[in-house]
$ cat input_18.txt   # compact mmCIF, C-alpha atoms
# COMPACT_ATOMS: atom_id res chain seq x y z
CA MET A 216 -2.38 -11.25 9.41
CA GLY A 217 -1.43 -9.49 6.21
CA ASN A 218 2.11 -8.57 7.25
CA THR A 219 3.57 -12.05 6.65
CA PHE A 220 4.44 -13.60 3.28
CA GLY A 221 5.43 -17.18 2.43
CA GLN A 222 4.81 -20.71 3.69
CA LEU A 223 8.20 -22.20 4.62
CA PHE A 224 10.41 -19.16 3.98
CA ARG A 225 8.29 -16.67 5.89
CA VAL A 226 8.94 -12.93 6.08
CA THR A 227 7.16 -10.47 8.34
CA THR A 228 7.84 -6.79 7.76
CA PHE A 229 7.30 -4.08 10.36
CA GLY A 230 7.53 -0.31 10.83
CA GLU A 231 6.13 2.94 9.50
CA SER A 232 7.54 5.60 7.20
CA HIS A 233 8.22 8.20 9.89
CA GLY A 234 8.51 5.96 12.94
CA GLY A 235 11.70 4.79 14.61
CA GLY A 236 12.58 2.35 11.86
CA VAL A 237 11.48 -0.41 9.52
CA GLY A 238 12.60 -3.98 9.05
CA VAL A 239 11.84 -7.65 8.69
CA VAL A 240 11.85 -10.95 10.57
CA ILE A 241 12.68 -13.97 8.41
CA ASP A 242 11.65 -17.38 9.69
CA GLY A 243 12.48 -20.65 7.94
CA CYS A 244 15.85 -19.78 6.48
CA PRO A 245 17.89 -23.01 6.39
CA PRO A 246 21.00 -23.12 8.59
CA LYS A 247 24.55 -22.63 7.34
CA ILE A 248 23.55 -20.28 4.51
CA ASP A 249 26.25 -17.65 3.89
CA ILE A 250 24.94 -14.28 5.08
CA ASP A 251 27.07 -11.26 4.17
CA ILE A 252 25.62 -7.98 5.37
CA SER A 253 27.22 -6.25 2.37
CA ASP A 254 24.94 -8.30 0.06
CA ILE A 255 21.91 -6.98 1.90
CA GLN A 256 23.25 -3.43 1.97
CA ARG A 257 23.95 -3.51 -1.77
CA GLU A 258 20.28 -4.24 -2.49
CA LEU A 259 19.09 -1.60 -0.02
CA ASP A 260 21.34 0.97 -1.70
CA ARG A 261 19.59 0.26 -5.01
CA ARG A 262 16.24 0.90 -3.31
CA LYS A 263 17.08 3.83 -1.04
CA PRO A 264 15.82 7.40 -1.58
CA GLY A 265 18.02 10.28 -2.67
CA GLN A 266 20.18 8.16 -4.97
CA SER A 267 19.66 10.31 -8.08
CA LYS A 268 18.06 13.48 -9.39
CA ILE A 269 14.90 11.62 -10.46
CA THR A 270 14.11 10.07 -7.07
CA THR A 271 12.77 11.52 -3.82
CA GLN A 272 15.37 13.66 -2.08
CA ARG A 273 14.69 12.21 1.36
CA GLN A 274 18.20 11.54 2.64
CA GLU A 275 18.30 8.10 4.23
CA GLU A 276 21.43 5.97 4.38
CA ASP A 277 19.26 2.89 5.05
CA ILE A 278 22.05 1.13 6.92
CA CYS A 279 20.89 -2.34 7.93
CA GLU A 280 21.53 -4.04 11.27
CA ILE A 281 21.25 -7.81 11.71
CA LEU A 282 19.84 -8.34 15.18
CA SER A 283 19.53 -12.12 15.30
CA GLY A 284 19.75 -15.42 13.45
CA VAL A 285 23.27 -15.02 12.05
CA PHE A 286 26.56 -16.11 13.63
CA GLU A 287 30.01 -15.90 12.10
CA GLY A 288 28.57 -15.10 8.71
CA LYS A 289 26.12 -18.00 8.52
CA SER A 290 22.42 -18.44 9.24
CA LEU A 291 21.61 -20.35 12.42
CA GLY A 292 18.21 -21.65 11.33
CA SER A 293 16.55 -19.38 13.89
CA PRO A 294 14.60 -16.20 12.99
CA ILE A 295 16.71 -13.52 11.31
CA ALA A 296 15.76 -9.99 12.33
CA ILE A 297 16.98 -7.01 10.29
CA LEU A 298 16.41 -3.38 11.25
CA VAL A 299 16.89 -0.12 9.35
CA ARG A 300 16.49 3.01 11.45
CA ASN A 301 14.75 6.10 10.04
CA LYS A 302 17.13 9.06 10.13
CA ASP A 303 15.57 11.75 7.92
CA ALA A 304 11.94 11.48 8.98
CA ARG A 305 10.04 14.77 8.90
CA PRO A 306 6.63 14.06 10.41
CA ASP A 307 5.85 17.78 10.70
CA ASP A 308 5.67 17.96 6.89
CA TYR A 309 2.44 15.99 7.11
CA VAL A 310 0.51 17.87 9.82
CA ASP A 311 -1.95 19.20 7.23
CA LEU A 312 -2.81 15.60 6.29
CA ALA A 313 -4.06 14.65 9.75
CA LYS A 314 -7.57 15.61 8.70
CA THR A 315 -7.31 15.37 4.91
CA PHE A 316 -7.41 12.35 2.62
CA ARG A 317 -4.87 12.39 -0.21
CA PRO A 318 -6.24 11.32 -3.61
CA SER A 319 -5.27 7.75 -4.64
CA HIS A 320 -3.50 7.09 -1.32
CA ALA A 321 -4.49 4.63 1.39
CA ASP A 322 -5.44 7.42 3.83
CA PHE A 323 -9.20 6.99 3.47
CA THR A 324 -9.22 3.18 3.33
CA TYR A 325 -6.94 2.75 6.36
CA GLN A 326 -9.17 5.15 8.31
CA ALA A 327 -12.26 3.25 7.19
CA LYS A 328 -10.76 -0.15 8.10
CA TYR A 329 -9.11 0.60 11.44
CA GLY A 330 -10.72 3.85 12.62
CA ILE A 331 -7.20 5.21 13.10
CA ARG A 332 -4.21 5.84 10.84
CA ASN A 333 -0.68 7.14 10.90
CA TRP A 334 -0.94 10.21 8.68
CA GLN A 335 2.83 10.87 8.74
CA GLY A 336 3.91 9.99 5.22
CA GLY A 337 1.34 7.23 4.87
CA GLY A 338 2.64 5.21 7.82
CA ARG A 339 2.48 1.51 7.07
CA ALA A 340 1.20 2.11 3.52
CA SER A 341 4.40 3.94 2.58
CA ALA A 342 6.79 2.32 0.11
CA ARG A 343 9.36 2.55 2.88
CA GLU A 344 7.86 -0.71 4.15
CA THR A 345 9.56 -2.45 1.20
CA ILE A 346 12.96 -2.11 2.89
CA GLY A 347 12.16 -5.31 4.78
CA ARG A 348 11.22 -7.11 1.58
CA VAL A 349 14.41 -6.10 -0.20
CA ALA A 350 16.55 -7.18 2.76
CA ALA A 351 14.77 -10.53 2.93
CA GLY A 352 15.08 -10.92 -0.83
CA ALA A 353 18.86 -10.65 -0.59
CA ILE A 354 18.91 -13.60 1.82
CA ALA A 355 16.46 -15.55 -0.34
CA ARG A 356 18.88 -15.16 -3.26
CA ASN A 357 21.64 -16.75 -1.19
CA VAL A 358 19.40 -19.70 -0.35
CA LEU A 359 18.52 -20.15 -4.02
CA ARG A 360 22.16 -19.99 -5.09
CA ARG A 361 23.00 -22.71 -2.56
CA PHE A 362 20.52 -25.04 -4.26
CA TYR A 363 20.69 -23.73 -7.83
CA PRO A 364 24.03 -21.97 -8.51
CA LYS A 365 23.09 -20.87 -12.05
CA ILE A 366 19.81 -19.12 -11.19
CA ASP A 367 19.75 -15.45 -12.17
CA ILE A 368 17.03 -12.87 -11.41
CA VAL A 369 17.18 -9.58 -13.33
CA ALA A 370 14.51 -6.87 -13.43
CA TYR A 371 14.61 -3.62 -15.39
CA VAL A 372 12.47 -0.67 -16.46
CA ALA A 373 10.90 -1.59 -19.79
CA GLN A 374 8.58 1.39 -20.19
CA VAL A 375 7.99 4.84 -18.71
CA HIS A 376 4.71 6.42 -19.77
CA GLU A 377 4.69 5.91 -23.57
CA ILE A 378 8.45 5.41 -23.96
CA ALA A 379 9.08 1.69 -24.49
CA ALA A 380 12.55 0.17 -24.48
CA LYS A 381 13.93 -2.52 -26.74
CA ILE A 382 15.58 -5.13 -24.52
CA ASP A 383 16.82 -8.65 -25.15
CA LYS A 384 15.66 -10.38 -21.98
CA VAL A 385 17.76 -13.44 -22.80
CA LYS A 386 21.01 -11.48 -22.59
CA VAL A 387 20.33 -8.51 -20.30
CA LYS A 388 22.64 -8.23 -17.28
CA ARG A 389 22.27 -6.41 -13.99
CA SER A 390 25.29 -4.26 -14.87
CA ASP A 391 23.38 -3.08 -17.94
CA VAL A 392 20.39 -2.22 -15.75
CA ASP A 393 22.37 -0.25 -13.17
CA ALA A 394 24.36 1.62 -15.82
CA ASN A 395 21.94 4.57 -15.68
CA ILE A 396 19.70 6.19 -13.07
CA VAL A 397 16.42 5.10 -14.63
CA ARG A 398 17.53 1.42 -14.62
CA CYS A 399 16.67 0.79 -18.24
CA PRO A 400 19.30 -1.20 -20.20
CA ASP A 401 18.28 0.45 -23.49
CA LYS A 402 20.55 3.51 -23.42
CA ALA A 403 18.60 5.52 -25.99
CA ALA A 404 15.27 4.86 -24.27
CA ALA A 405 16.81 5.53 -20.84
CA LYS A 406 17.92 8.99 -21.94
CA LYS A 407 14.41 9.83 -23.14
CA MET A 408 12.86 8.42 -19.97
CA THR A 409 15.13 10.45 -17.73
CA GLN A 410 14.35 13.64 -19.60
CA LEU A 411 10.60 13.00 -19.45
CA ILE A 412 10.71 12.23 -15.72
CA GLU A 413 12.58 15.47 -15.06
CA GLU A 414 10.15 17.50 -17.15
CA THR A 415 7.16 15.89 -15.46
CA ARG A 416 8.60 16.47 -12.00
CA ASP A 417 9.21 20.14 -12.77
CA ALA A 418 5.58 20.40 -13.88
CA GLY A 419 4.46 19.03 -10.51
CA ASP A 420 3.18 15.77 -11.97
CA SER A 421 4.20 12.09 -12.03
CA LEU A 422 4.56 9.08 -14.34
CA GLY A 423 4.00 5.33 -14.32
CA GLY A 424 5.33 2.50 -16.44
CA VAL A 425 6.30 -1.16 -16.65
CA ILE A 426 9.04 -3.26 -15.05
CA GLU A 427 9.94 -6.56 -16.65
CA CYS A 428 11.71 -9.37 -14.82
CA VAL A 429 13.43 -12.46 -16.17
CA ILE A 430 14.49 -15.49 -14.12
CA ARG A 431 17.09 -17.51 -15.98
CA HIS A 432 18.02 -21.13 -15.21
CA PRO A 433 15.09 -21.65 -12.82
CA PRO A 434 14.66 -25.11 -11.31
CA LEU A 435 12.18 -27.51 -12.85
CA GLY A 436 9.03 -28.44 -10.96
CA LEU A 437 8.37 -25.44 -8.70
CA GLY A 438 4.73 -24.59 -8.02
CA GLU A 439 1.86 -26.20 -6.14
CA PRO A 440 -1.55 -27.11 -7.57
CA VAL A 441 -4.11 -25.65 -7.47
CA PHE A 442 -4.19 -22.38 -5.55
CA ASP A 443 -0.44 -21.99 -4.99
CA LYS A 444 0.61 -22.09 -8.62
CA LEU A 445 3.98 -20.46 -9.14
CA ASP A 446 2.59 -17.82 -11.48
CA ALA A 447 -0.29 -17.13 -9.08
CA ASP A 448 2.11 -16.58 -6.19
CA LEU A 449 4.31 -14.35 -8.36
CA ALA A 450 1.23 -12.30 -9.23
CA LYS A 451 0.27 -11.96 -5.56
CA ALA A 452 3.82 -10.98 -4.65
CA MET A 453 4.08 -8.29 -7.31
CA LEU A 454 0.61 -6.86 -6.75
CA SER A 455 1.40 -6.53 -3.04
CA LEU A 456 4.02 -3.91 -3.92
CA PRO A 457 2.94 -0.27 -3.59
CA ALA A 458 1.67 1.44 -6.77
CA THR A 459 1.24 -1.78 -8.78
CA LYS A 460 -1.83 -2.04 -11.01
CA GLY A 461 -1.24 -5.04 -13.26
CA PHE A 462 0.67 -8.28 -13.80
CA GLU A 463 1.18 -10.49 -16.83
CA ILE A 464 3.41 -13.49 -17.36
CA GLY A 465 4.76 -14.91 -20.61
CA SER A 466 2.61 -13.80 -23.52
CA GLY A 467 0.18 -12.20 -21.09
CA PHE A 468 -2.66 -10.28 -22.65
CA SER A 469 -1.12 -10.58 -26.10
CA ALA A 470 -2.17 -14.25 -26.02
CA THR A 471 -5.74 -13.09 -26.56
CA ARG A 472 -4.75 -12.07 -30.09
CA MET A 473 -3.13 -15.42 -30.96
CA ARG A 474 -4.42 -18.81 -32.07
CA GLY A 475 -3.59 -22.02 -30.25
CA SER A 476 -1.47 -23.17 -33.17
CA GLU A 477 0.66 -20.04 -32.68
CA HIS A 478 0.73 -19.97 -28.91
CA ASN A 479 1.39 -23.60 -27.99
CA ASP A 480 4.98 -24.24 -26.88
CA ALA A 481 6.04 -27.40 -28.74
CA PHE A 482 8.28 -29.80 -26.81
CA GLU A 483 11.60 -30.93 -28.22
CA MET A 484 14.74 -32.69 -27.06
CA ARG A 485 17.76 -30.44 -26.67
CA GLY A 486 21.03 -31.53 -25.09
CA GLY A 487 19.32 -34.55 -23.59
CA ASP A 488 16.67 -32.42 -21.87
CA VAL A 489 12.98 -31.82 -22.60
CA ARG A 490 12.72 -28.19 -23.73
CA THR A 491 10.20 -26.01 -25.56
CA SER A 492 10.84 -24.49 -28.96
CA THR A 493 9.04 -21.28 -27.94
CA ASN A 494 8.29 -19.80 -24.52
CA TRP A 495 4.93 -18.08 -24.72
CA SER A 496 4.05 -19.72 -21.39
CA GLY A 497 6.72 -17.71 -19.61
CA GLY A 498 8.50 -20.70 -18.12
CA MET A 499 5.62 -22.75 -16.73
CA GLN A 500 2.61 -24.90 -17.49
CA GLY A 501 -0.13 -25.69 -15.04
CA GLY A 502 1.47 -23.26 -12.61
CA ILE A 503 4.62 -25.42 -12.39
CA SER A 504 8.00 -24.31 -13.73
CA ASN A 505 9.13 -26.19 -16.85
CA GLY A 506 12.81 -25.20 -16.76
CA GLU A 507 12.56 -22.45 -19.37
CA ASP A 508 13.22 -18.80 -18.47
CA ILE A 509 10.44 -17.27 -16.38
CA TYR A 510 9.55 -13.77 -17.43
CA PHE A 511 6.78 -11.39 -16.38
CA ARG A 512 5.82 -7.73 -16.38
CA VAL A 513 4.46 -5.48 -13.63
CA ALA A 514 2.53 -2.27 -14.28
CA PHE A 515 3.08 0.68 -11.92
CA LYS A 516 0.73 3.63 -11.74
CA PRO A 517 1.92 7.26 -11.69
CA THR A 518 3.06 8.30 -8.21
CA ALA A 519 -0.02 9.42 -6.29
CA THR A 520 1.80 12.26 -4.53
CA ILE A 521 1.99 15.25 -6.87
CA ALA A 522 2.57 18.96 -6.38
CA ARG A 523 -0.50 20.00 -8.35
CA GLU A 524 -3.63 21.10 -6.54
CA GLN A 525 -6.27 18.37 -6.38
CA LYS A 526 -9.79 18.07 -5.05
CA THR A 527 -10.34 15.96 -1.94
CA VAL A 528 -12.32 15.79 1.30
CA THR A 529 -11.48 16.04 4.99
CA THR A 530 -12.11 13.56 7.79
CA SER A 531 -15.15 15.65 8.68
CA ARG A 532 -16.53 15.06 5.15
CA ARG A 533 -15.94 18.59 3.87
CA SER A 534 -14.66 19.38 0.37
CA THR A 535 -11.23 20.95 0.10
CA THR A 536 -8.11 20.95 -2.07
CA ILE A 537 -4.59 19.69 -1.50
CA ALA A 538 -1.17 19.97 -3.13
CA ALA A 539 1.75 17.84 -1.99
CA ARG A 540 4.71 19.35 -0.24
CA GLY A 541 8.00 17.78 0.71
CA ARG A 542 9.77 14.89 -0.97
CA HIS A 543 8.45 12.25 -3.31
CA ASP A 544 9.37 10.23 -6.40
CA PRO A 545 8.11 11.65 -9.71
CA CYS A 546 8.30 8.05 -10.99
CA VAL A 547 8.60 5.02 -8.73
CA LEU A 548 10.05 2.64 -11.32
CA PRO A 549 13.83 3.15 -10.88
CA ARG A 550 13.62 2.31 -7.16
CA ALA A 551 11.04 -0.43 -7.70
CA VAL A 552 13.42 -2.61 -9.74
CA PRO A 553 15.11 -4.14 -6.64
CA MET A 554 11.67 -4.56 -5.04
CA VAL A 555 10.46 -6.68 -7.96
CA GLU A 556 13.62 -8.77 -7.87
CA ALA A 557 13.27 -9.26 -4.12
CA MET A 558 9.68 -10.45 -4.32
CA ALA A 559 10.58 -12.85 -7.14
CA ALA A 560 13.40 -14.28 -5.01
CA LEU A 561 11.07 -14.69 -2.02
CA VAL A 562 8.51 -16.61 -4.07
CA LEU A 563 11.09 -18.90 -5.68
CA CYS A 564 12.88 -19.53 -2.39
CA ASP A 565 9.66 -20.46 -0.63
CA HIS A 566 8.62 -22.81 -3.45
CA ALA A 567 12.11 -24.32 -3.64
CA LEU A 568 11.94 -25.25 0.04
CA ARG A 569 8.44 -26.64 -0.43
CA GLN A 570 9.55 -28.74 -3.38
CA ARG A 571 12.58 -30.09 -1.53
CA ALA A 572 10.30 -31.02 1.38
CA ILE A 573 8.21 -33.35 -0.81
CA VAL A 574 10.93 -34.49 -3.24
CA PRO A 575 14.29 -34.28 -1.43
CA GLU A 576 17.26 -33.71 -3.71
CA LYS A 577 19.72 -36.57 -3.87

$ encode --input "input_18.txt" --output "structure tokens"
Amino acid sequence: MGNTFGQLFRVTTFGESHGGGVGVVIDGCPPKIDIDISDIQRELDRRKPGQSKITTQRQEEDICEILSGVFEGKSLGSPIAILVRNKDARPDDYVDLAKTFRPSHADFTYQAKYGIRNWQGGGRASARETIGRVAAGAIARNVLRRFYPKIDIVAYVAQVHEIAAKIDKVKVKRSDVDANIVRCPDKAAAKKMTQLIEETRDAGDSLGGVIECVIRHPPLGLGEPVFDKLDADLAKAMLSLPATKGFEIGSGFSATRMRGSEHNDAFEMRGGDVRTSTNWSGGMQGGISNGEDIYFRVAFKPTATIAREQKTVTTSRRSTTIAARGRHDPCVLPRAVPMVEAMAALVLCDHALRQRAIVPEK
């Protein structure tokens, strides 16, 4: 069903926002991979709520527990199960939603599909589900580093509403990203973004924006024709994240304003390797990685939960109004950065294992 992602490196997430906990089962992780729980916890801490004044104030420590698949700090090759228990769930905050559909949430569609839904914080549709993805992504990184020690995956907030940052994706480092609460490495833009998010939150509204991700030193030859192209799987991965509304890789939509003579990436020899003089393709041709940096952008909509009164309908098809109470992010982007990185790692890890299965490394 739709709770599992990947072919060889397979992850299945479980849990609801206000249930007992959330987590993931990872199947297909190679044996003898170093697994340090602190690596997983570090990524979960970047994703967790309550970490700054511009995120939801739900207070969750999000402490992870490895239940299986790891022994003496190494993967066994058997399924790895990771659990994070919910500590600050407040299901009573959502009693009014039992018979009311929130605008732009999955309340109505889940009810229409299953005939039943968990109305406590969105249940399975909550972004809290991404805890499992982020935990799995941390392990996927370790697998990738075993095979490709130089690979580097860095995501950052490139735009909030109409404030766009100026970032050199060739040089940006994770330390630059985590240097401020909005996770934008452009200090001047980050200051403006933070101020706008605070003002918008105080006005009971929300904001969207763009996260960009760059994968440096990726392996050559990842991607499967025709339906499992690397860029296609990256698009699926990113658009499976909550609140995403768009994906573009390389030149993206700007390619529509270029001519072929401008857009084509000419091949050249550099240091004994076949390289491209430009990288409008975003690190791949024909859906297969060409060894150049892979870079893409993901568009996130404004958070659907806002404190302003909105029109809606009830489960009995009656018109009413609703205004959010409780805790929510005025802008999802700062906490979505580790989610984007995690999904990128999962895609690359899965494709790396697939490639090694058909062309074993010597």

$ residues_around --input "input_18.txt" --residues "Thr415 in chain A" --least-positions-apart "2" --cutoff "12 Å" --atoms "all atoms listed in the file" --output "PyMOL selection string"
chain A and resi 269+375-376+408-413+417-423+517-518+521-523+544-546

$ atom_distance --input "input_18.txt" --atom1 "CA of Glu275 in chain A" --atom2 "CA of Ala458 in chain A"
21.0 Å

$ atom_distance --input "input_18.txt" --atom1 "CA of Leu449 in chain A" --atom2 "CA of Glu463 in chain A"
9.8 Å

$ closest_residue --input "input_18.txt" --among "A:His432, A:Lys388, A:Arg332, A:Arg398" --to "Leu312 in chain A" --atoms "only C-alpha atoms"
A:Arg332

$ closest_residue --input "input_18.txt" --among "A:Glu276, A:Glu258, A:Glu483, A:Asp242" --to "Met554 in chain A" --atoms "all atoms listed in the file"
A:Glu258

$ residues_around --input "input_18.txt" --residues "Phe220 in chain A" --least-positions-apart "3" --cutoff "9 Å" --atoms "all atoms listed in the file" --output "CSV table (one decimal) with C-alpha atoms, keeping the file's coordinate frame"
chain,number,residue,atom,x,y,z
A,217,GLY,CA,-1.4,-9.5,6.2
A,224,PHE,CA,10.4,-19.2,4.0
A,225,ARG,CA,8.3,-16.7,5.9
A,226,VAL,CA,8.9,-12.9,6.1
A,227,THR,CA,7.2,-10.5,8.3
A,228,THR,CA,7.8,-6.8,7.8
A,452,ALA,CA,3.8,-11.0,-4.6
A,561,LEU,CA,11.1,-14.7,-2.0
A,562,VAL,CA,8.5,-16.6,-4.1

$ axis_aligned_box --input "input_18.txt" --around "range 472-479 of chain A" --padding-each-side "6 Å" --output "JSON"
{"center_x": -1.7, "center_y": -17.8, "center_z": -30.6, "size_x": 18.1, "size_y": 23.5, "size_z": 17.2}

$ residues_around --input "input_18.txt" --residues "Lys402 in chain A" --least-positions-apart "5" --cutoff "12 Å" --atoms "only C-alpha atoms" --output "short mmCIF file (atom, residue, chain, number, x, y, z; two decimals) with C-alpha atoms, in the coordinates of the input"
data_model
loop_
_atom_site.label_atom_id
_atom_site.label_comp_id
_atom_site.auth_asym_id
_atom_site.auth_seq_id
_atom_site.Cartn_x
_atom_site.Cartn_y
_atom_site.Cartn_z
CA VAL A 372 12.47 -0.67 -16.46
CA ALA A 373 10.90 -1.59 -19.79
CA ALA A 379 9.08 1.69 -24.49
CA ALA A 380 12.55 0.17 -24.48
CA LYS A 381 13.93 -2.52 -26.74
CA ILE A 382 15.58 -5.13 -24.52
CA ASP A 391 23.38 -3.08 -17.94
CA VAL A 392 20.39 -2.22 -15.75
CA ASP A 393 22.37 -0.25 -13.17
CA ALA A 394 24.36 1.62 -15.82
CA ASN A 395 21.94 4.57 -15.68
CA ILE A 396 19.70 6.19 -13.07
CA VAL A 397 16.42 5.10 -14.63
CA LYS A 407 14.41 9.83 -23.14
CA MET A 408 12.86 8.42 -19.97
CA THR A 409 15.13 10.45 -17.73
#

$ closest_residue --input "input_18.txt" --among "A:His566, A:His320, A:Arg305, A:Lys247" --to "Ser290 in chain A" --atoms "all atoms listed in the file"
A:Lys247
